[in-house]
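One structure is given below, encoded as structure tokens.
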Amino acid sequence: MSLFASSELTSGLPKAATTNDVGTRTVPAISVPPVANPTSAAEFSNRSRLNFPVPIGRRLPRLATSSFLVAGDIAGYLMAYFLLLPFLPHGSENMILERAFALAALGTIILYASNALYPGYRLHDHEHLRRRTKASVKVAAIAALGAILLPDGSQLLLPLAGFLGLGLIVQPVMRWAARGLSWRLGIWGERAVIIGGRNRIPALMAYFADHWQYGIRPEFSSSDMSEASSDNGPSIALIADDTGSFIAELATMRRQFAEVILLSDTPNLKITGLRPADVGGEIGIRLAVGGRPADSNLVRRALDLAIAIPATLVLMPCILIAAAAIYVIDPGPVFFRHAREGLSGKPVRVLKLRTMYQDAEQRLEALFRDNPAAQAEWASHFKLRQDPRVLPVIGHLLRASSFDELPQLVNIISGEMAFVGPRPFPEYHLSAMDREFRDKRRSVTPGLTGLWQISERSNADIELQQQLDEFYIDNRSLWFDWHILLSTIPAVIKGKGAC
């Protein structure tokens with residue numbers, strides 16, 4: 001009996017209606033989180049009762065936040081040092097090595113500061129990763145040069161590389177803790193007024209309230225712009241529309257606000273079509289756009305192979321155990337290949353572990369006849385929370401952990417897929433999307449994981465899946481790929497949105 005099945009899904013299933021109107025996803029005004037916060041940055045300054053001038057009072061929360069972040073990075077390097085200590089020659093008595101560590105940590109933190117990572121407001125997570133890694137590599141290169149020039153300096157190379165590498169691993173945790181502490185103290189972020197169409201403002205306010213890590217404290221715009229930009233008002237103006245409708249007011253805004261930012265698209269909300277990768281990885285631009293270098297597909301392919309081949313060898317026993325469990329519950333093929341659309345529209349035979357009964361199509365049709373609500377859910381998400389097709393225990397476990405996707409490592413090795421990219425959807429799923437977007441998807445290699453998997457997973461409807469994939473394609477880079485790849489592990493562990 002063959003181990004492979006041709007498909008688990010029928011090609012003649014209902015199609016979802018789609019829309020590309022941002023207004024359909026805006027959040028009603030009544031659901032916007034309250035902006036007034038007893039621990040806001042402005043009130044933090046007021047409660048101190050110190051008679052500082054207003055500009056200094058505005059800088060105090062930013063300075064305090066930056067101090068917490070610097071302390072977090074120092075703590076990260078201290079943790080890296082203590083983790084390395086048992087492996088260092090002469091342990092804690094090696095004063096030369098300790099001084100080298102201290103200088104390397106100091107140099108890296110100075111580079112972090114010069115790259116605007118303290119406090120790092122308005123930067124996407126993958127941009128934080130890129131700037132931190134580049135700073136560490138620069139310091140490592142300087143340290144390597146110094147070690148070559150110094151007598152017996154070669155003994156410092158490996159410990160310094162391990163120290164800086166461990167720091168990169170530990171520091172994100174410490175940064176998360178420092179950022180969370182600043183948020184709880186009410187000193188994280190800067191007040192900003194959102195200027196734009198009223199149908200967009202509630203959704204943007206809700207977005208920045210939920211994604212407070214960007215450091216934006218949104219407020220409704222005042223009808224009196226001079227009041228909104230007063231000493232006690234917001235220092236930032238966020239334009240959430242095309243600049244064409246605000247050209248006459250731009251000069252006045254730049255005099256009234258410390259910063260005027262034209263918002264770019266976010267992963268979950270399409271605003272103007274501007275791409276953050278074009279503006280230094282920030283959430284918006286300051287009235288100017290810069291270019292972005294092209295990433296090398298050759299480097300991306302080499303990294304895919306460097307990860308996929310060892311991962312396949314290590315995980316193969318686990319895959320075979322899962323396959324045996326599938327066969328015990330529902331004897332028959334344990335793997336199946338399903339035709340999907342790949343790069344340039346070429347078909348990709350995606351390999352998966354079978355998680356459904358062999359008569360899955362008949363079970364789905366029977367469910368739709370008896371349960372119109374389930375049919376509506378399928379039309380919106382092409383997934384079901386209570387799916388009668390899924391095998392008991394092993395099927396749910398494999399799908400919740402995404403373990404059923406691991407055989408696609410073979411597709412990655414063959415070059416049909418990459419680790420990161422838009423997921424290869426079946427034809428009935430793609431047919432619910434507009435033709436222009438389908439052409440855009442064909443321009444990149446499909447991936448094992450992607451932005452919508454770490455953002456929403458199965459909770460994303462067709463429209464939001466399209467928005468997230470489009471955002472990824474427009475901002476595709478090696479750093480973005482690494483951020484998505486590293487974020488996939490906690491997303492799978494949490495099991496948010498999985499079905």
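Going through the structure tokens in order, the chains are called A, B, and so on, while each chain numbers its residues from 1 and the ligands are numbered from 1 in the order shown.
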Excluding range 351-362 of chain A and its own-chain neighbours fewer than 5 positions away, which residues fall within 7 Å of it when counting only C-alpha atoms? Please give them as a PDB file with N, CA, C and O atoms, in the first residue's frame.
ATOM      1  N   GLU A   8      -6.247  15.853   0.620  1.00  0.00           N
ATOM      2  CA  GLU A   8      -7.227  15.751   1.701  1.00  0.00           C
ATOM      3  C   GLU A   8      -8.412  16.692   1.471  1.00  0.00           C
ATOM      4  O   GLU A   8      -9.391  16.644   2.186  1.00  0.00           O
ATOM      5  N   LEU A   9      -8.290  17.554   0.503  1.00  0.00           N
ATOM      6  CA  LEU A   9      -9.281  18.597   0.336  1.00  0.00           C
ATOM      7  C   LEU A   9      -9.843  18.543  -1.065  1.00  0.00           C
ATOM      8  O   LEU A   9      -9.158  18.211  -2.023  1.00  0.00           O
ATOM      9  N   THR A  10     -11.063  18.920  -1.213  1.00  0.00           N
ATOM     10  CA  THR A  10     -11.697  18.946  -2.523  1.00  0.00           C
ATOM     11  C   THR A  10     -11.462  20.278  -3.185  1.00  0.00           C
ATOM     12  O   THR A  10     -11.336  21.298  -2.526  1.00  0.00           O
ATOM     13  N   ALA A 323       4.026   9.209  11.895  1.00  0.00           N
ATOM     14  CA  ALA A 323       3.426   8.474  10.781  1.00  0.00           C
ATOM     15  C   ALA A 323       2.856   7.146  11.247  1.00  0.00           C
ATOM     16  O   ALA A 323       1.764   6.732  10.820  1.00  0.00           O
ATOM     17  N   ASP A 330      -5.977   5.386  11.626  1.00  0.00           N
ATOM     18  CA  ASP A 330      -6.716   5.308  10.360  1.00  0.00           C
ATOM     19  C   ASP A 330      -5.795   4.696   9.310  1.00  0.00           C
ATOM     20  O   ASP A 330      -5.064   5.421   8.607  1.00  0.00           O
ATOM     21  N   VAL A 334       0.117   7.561   5.017  1.00  0.00           N
ATOM     22  CA  VAL A 334       0.402   8.445   6.156  1.00  0.00           C
ATOM     23  C   VAL A 334       0.944   9.796   5.693  1.00  0.00           C
ATOM     24  O   VAL A 334       0.922  10.769   6.468  1.00  0.00           O
ATOM     25  N   PHE A 335       1.438   9.872   4.473  1.00  0.00           N
ATOM     26  CA  PHE A 335       1.849  11.137   3.877  1.00  0.00           C
ATOM     27  C   PHE A 335       0.924  11.443   2.707  1.00  0.00           C
ATOM     28  O   PHE A 335       0.308  10.540   2.148  1.00  0.00           O
ATOM     29  N   PHE A 336       0.841  12.723   2.370  1.00  0.00           N
ATOM     30  CA  PHE A 336       0.127  13.060   1.144  1.00  0.00           C
ATOM     31  C   PHE A 336       0.783  14.282   0.513  1.00  0.00           C
ATOM     32  O   PHE A 336       1.414  15.096   1.183  1.00  0.00           O
ATOM     33  N   ARG A 337       0.672  14.342  -0.788  1.00  0.00           N
ATOM     34  CA  ARG A 337       1.163  15.489  -1.549  1.00  0.00           C
ATOM     35  C   ARG A 337      -0.026  16.233  -2.133  1.00  0.00           C
ATOM     36  O   ARG A 337      -0.948  15.609  -2.640  1.00  0.00           O
ATOM     37  N   HIS A 338       0.033  17.541  -2.030  1.00  0.00           N
ATOM     38  CA  HIS A 338      -1.062  18.354  -2.540  1.00  0.00           C
ATOM     39  C   HIS A 338      -0.493  19.427  -3.448  1.00  0.00           C
ATOM     40  O   HIS A 338       0.483  20.091  -3.103  1.00  0.00           O
ATOM     41  N   ARG A 389     -13.201  16.269  10.109  1.00  0.00           N
ATOM     42  CA  ARG A 389     -12.288  15.519   9.249  1.00  0.00           C
ATOM     43  C   ARG A 389     -10.992  15.138   9.960  1.00  0.00           C
ATOM     44  O   ARG A 389     -10.291  14.235   9.521  1.00  0.00           O
ATOM     45  N   VAL A 390     -10.663  15.851  11.049  1.00  0.00           N
ATOM     46  CA  VAL A 390      -9.357  15.687  11.689  1.00  0.00           C
ATOM     47  C   VAL A 390      -9.330  14.408  12.523  1.00  0.00           C
ATOM     48  O   VAL A 390     -10.283  14.117  13.269  1.00  0.00           O
ATOM     49  N   LEU A 391      -8.233  13.675  12.427  1.00  0.00           N
ATOM     50  CA  LEU A 391      -8.073  12.444  13.204  1.00  0.00           C
ATOM     51  C   LEU A 391      -8.050  12.759  14.697  1.00  0.00           C
ATOM     52  O   LEU A 391      -7.475  13.769  15.107  1.00  0.00           O
ATOM     53  N   GLY A 395      -4.238  13.798  15.143  1.00  0.00           N
ATOM     54  CA  GLY A 395      -4.488  14.825  14.136  1.00  0.00           C
ATOM     55  C   GLY A 395      -4.472  16.215  14.737  1.00  0.00           C
ATOM     56  O   GLY A 395      -3.835  17.133  14.206  1.00  0.00           O
ATOM     57  N   ASP A 404       2.777  18.590  11.427  1.00  0.00           N
ATOM     58  CA  ASP A 404       2.408  17.952  10.165  1.00  0.00           C
ATOM     59  C   ASP A 404       3.066  18.624   8.962  1.00  0.00           C
ATOM     60  O   ASP A 404       3.114  18.056   7.867  1.00  0.00           O
ATOM     61  N   GLU A 405       3.589  19.854   9.149  1.00  0.00           N
ATOM     62  CA  GLU A 405       4.233  20.573   8.060  1.00  0.00           C
ATOM     63  C   GLU A 405       5.706  20.202   7.900  1.00  0.00           C
ATOM     64  O   GLU A 405       6.328  20.560   6.888  1.00  0.00           O
ATOM     65  N   PRO A 407       7.438  17.548   7.076  1.00  0.00           N
ATOM     66  CA  PRO A 407       7.928  16.897   5.846  1.00  0.00           C
ATOM     67  C   PRO A 407       8.239  17.867   4.711  1.00  0.00           C
ATOM     68  O   PRO A 407       8.932  17.500   3.760  1.00  0.00           O
ATOM     69  N   GLN A 408       7.752  19.103   4.817  1.00  0.00           N
ATOM     70  CA  GLN A 408       8.055  20.088   3.783  1.00  0.00           C
ATOM     71  C   GLN A 408       9.515  20.525   3.809  1.00  0.00           C
ATOM     72  O   GLN A 408       9.961  21.287   2.927  1.00  0.00           O
TER      73      GLN A 408
END
### Message
as JSON, numbers by chain, please: the residues near Ala116 in chain A (cut-off 12 Å, only C-alpha atoms, same-chain neighbours under 2 positions excluded).
### Response
{"A": [66, 69, 109, 110, 111, 112, 113, 114, 118, 119, 120, 121, 122, 123, 127, 128, 131, 132, 135, 280, 281, 282]}
Enter the distance from CA of His483 in chain A to CA of His126 in chain A, in Å, rounded to one decimal.
->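 Value for the CA of His483 in chain A-CA of His126 in chain A distance: 5.2 Å.
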Expressed in Å, the length from CA of Gly107 in chain A to CA of Ala143 in chain A is 10.1 Å
Counting only C-alpha atoms, which of A:Gln467, A:Ala324, A:Pro172, A:Pro159 gets nearest to Pro86 in chain A?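 Looking at the shortest contact to Pro86 in chain A, the residue is A:Pro159.
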For this session: With a distance cut-off of 12 Å and only C-alpha atoms, select the neighbouring residues of Pro424 in chain A, excluding the residue or stretch itself and same-chain residues fewer than 3 positions from it, and output the selection as a count of residues only.
Result: 37
(Q) Among range 377-482 of chain A, which residues does DSSP mark as helix (DSSP H, G or I) when it is run on the backbone? Keep the chain and numbering as in the structure and answer as a PyMOL selection string. (A) chain A and resi 377-381+394-400+403-414+427-430+435-441+451-455+457-459+462-474+478-482
(Q) So that I can see what lies close to Val393 in chain A, please list as a count of residues only the residues with an atom at most 12 Å from it, counting only C-alpha atoms and leaving out residues fewer than 3 positions away in the same chain. (A) 14
- [ ] Name all residues at most 12 Å from Ala144 in chain A (count only C-alpha atoms; drop same-chain ones fewer than 2 positions away) and give them as a ChimeraX atom specification.
- [x] /A:100,104,137-142,146-150,153-161
Skipping near chain neighbours, those fewer than 2 positions away, what residues fall within 10 Å of Ile309 in chain A using only C-alpha atoms, listed as a list of chain:residue names?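 Non-adjacent residues within range: A:Asp304, A:Leu305, A:Ala306, A:Ile307, A:Ala311, A:Thr312, A:Leu313, A:Val314, A:Leu409, A:Val410, A:Ile412, A:Ile413.
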Dump of N, CA, C and O atoms for the selected residues, as a PDB file, in the first residue's frame:
ATOM      1  N   ASP A 304      18.830  28.433   3.885  1.00  0.00           N
ATOM      2  CA  ASP A 304      17.770  27.420   3.911  1.00  0.00           C
ATOM      3  C   ASP A 304      18.355  26.010   3.944  1.00  0.00           C
ATOM      4  O   ASP A 304      17.928  25.151   4.731  1.00  0.00           O
ATOM      5  N   LEU A 305      19.342  25.772   3.087  1.00  0.00           N
ATOM      6  CA  LEU A 305      19.963  24.441   3.038  1.00  0.00           C
ATOM      7  C   LEU A 305      20.738  24.147   4.315  1.00  0.00           C
ATOM      8  O   LEU A 305      20.716  23.013   4.815  1.00  0.00           O
ATOM      9  N   ALA A 306      21.414  25.165   4.852  1.00  0.00           N
ATOM     10  CA  ALA A 306      22.213  24.968   6.065  1.00  0.00           C
ATOM     11  C   ALA A 306      21.334  24.582   7.254  1.00  0.00           C
ATOM     12  O   ALA A 306      21.783  23.888   8.172  1.00  0.00           O
ATOM     13  N   ILE A 307      20.068  25.011   7.250  1.00  0.00           N
ATOM     14  CA  ILE A 307      19.157  24.674   8.340  1.00  0.00           C
ATOM     15  C   ILE A 307      18.356  23.412   8.022  1.00  0.00           C
ATOM     16  O   ILE A 307      18.167  22.541   8.872  1.00  0.00           O
ATOM     17  N   ALA A 311      18.192  19.677  10.062  1.00  0.00           N
ATOM     18  CA  ALA A 311      16.885  19.529  10.717  1.00  0.00           C
ATOM     19  C   ALA A 311      16.177  18.274  10.248  1.00  0.00           C
ATOM     20  O   ALA A 311      15.520  17.575  11.044  1.00  0.00           O
ATOM     21  N   THR A 312      16.303  17.959   8.965  1.00  0.00           N
ATOM     22  CA  THR A 312      15.673  16.743   8.433  1.00  0.00           C
ATOM     23  C   THR A 312      16.261  15.491   9.086  1.00  0.00           C
ATOM     24  O   THR A 312      15.530  14.571   9.473  1.00  0.00           O
ATOM     25  N   LEU A 313      17.577  15.454   9.212  1.00  0.00           N
ATOM     26  CA  LEU A 313      18.235  14.296   9.822  1.00  0.00           C
ATOM     27  C   LEU A 313      17.836  14.132  11.286  1.00  0.00           C
ATOM     28  O   LEU A 313      17.603  13.018  11.764  1.00  0.00           O
ATOM     29  N   VAL A 314      17.741  15.243  12.012  1.00  0.00           N
ATOM     30  CA  VAL A 314      17.420  15.183  13.442  1.00  0.00           C
ATOM     31  C   VAL A 314      15.956  14.808  13.665  1.00  0.00           C
ATOM     32  O   VAL A 314      15.622  14.028  14.575  1.00  0.00           O
ATOM     33  N   LEU A 409      10.276  20.050   4.786  1.00  0.00           N
ATOM     34  CA  LEU A 409      11.725  20.246   4.733  1.00  0.00           C
ATOM     35  C   LEU A 409      12.290  19.658   3.443  1.00  0.00           C
ATOM     36  O   LEU A 409      13.273  20.166   2.890  1.00  0.00           O
ATOM     37  N   VAL A 410      11.651  18.587   2.961  1.00  0.00           N
ATOM     38  CA  VAL A 410      12.068  17.986   1.691  1.00  0.00           C
ATOM     39  C   VAL A 410      11.824  18.959   0.542  1.00  0.00           C
ATOM     40  O   VAL A 410      12.658  19.096  -0.373  1.00  0.00           O
ATOM     41  N   ILE A 412      11.872  22.170   0.823  1.00  0.00           N
ATOM     42  CA  ILE A 412      12.868  23.240   0.967  1.00  0.00           C
ATOM     43  C   ILE A 412      14.203  22.797   0.378  1.00  0.00           C
ATOM     44  O   ILE A 412      14.860  23.546  -0.351  1.00  0.00           O
ATOM     45  N   ILE A 413      14.608  21.569   0.678  1.00  0.00           N
ATOM     46  CA  ILE A 413      15.881  21.064   0.157  1.00  0.00           C
ATOM     47  C   ILE A 413      15.860  20.999  -1.372  1.00  0.00           C
ATOM     48  O   ILE A 413      16.852  21.305  -2.037  1.00  0.00           O
TER      49      ILE A 413
END
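Remark: for Asp461 in chain A, the closest of the candidate residues A:Leu486, A:Ala178, A:Met433, A:Ile187 is A:Met433 (distances computed over only C-alpha atoms).
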*asked:* Need the shell around Pro234 in chain A: protein/DNA/RNA residues with any atom at most 9 Å away, counting only C-alpha atoms. Skip same-chain ones fewer than 6 positions apart. Format as a ChimeraX atom specification?
replied: /A:190-193,217-219,228,257-258
Q. Taking only C-alpha atoms into account, which of A:Pro372, A:Trp452, A:Pro202, A:Leu406 comes nearest Cys318 in chain A?
A.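 Closest to Cys318 in chain A, using only C-alpha atoms: A:Leu406.
The shortest atom-to-atom distance to Lys494 in chain A, with only C-alpha atoms taken into account, belongs to A:Ser401 out of A:Phe87, A:Thr133, A:Ser401, A:Gly196.
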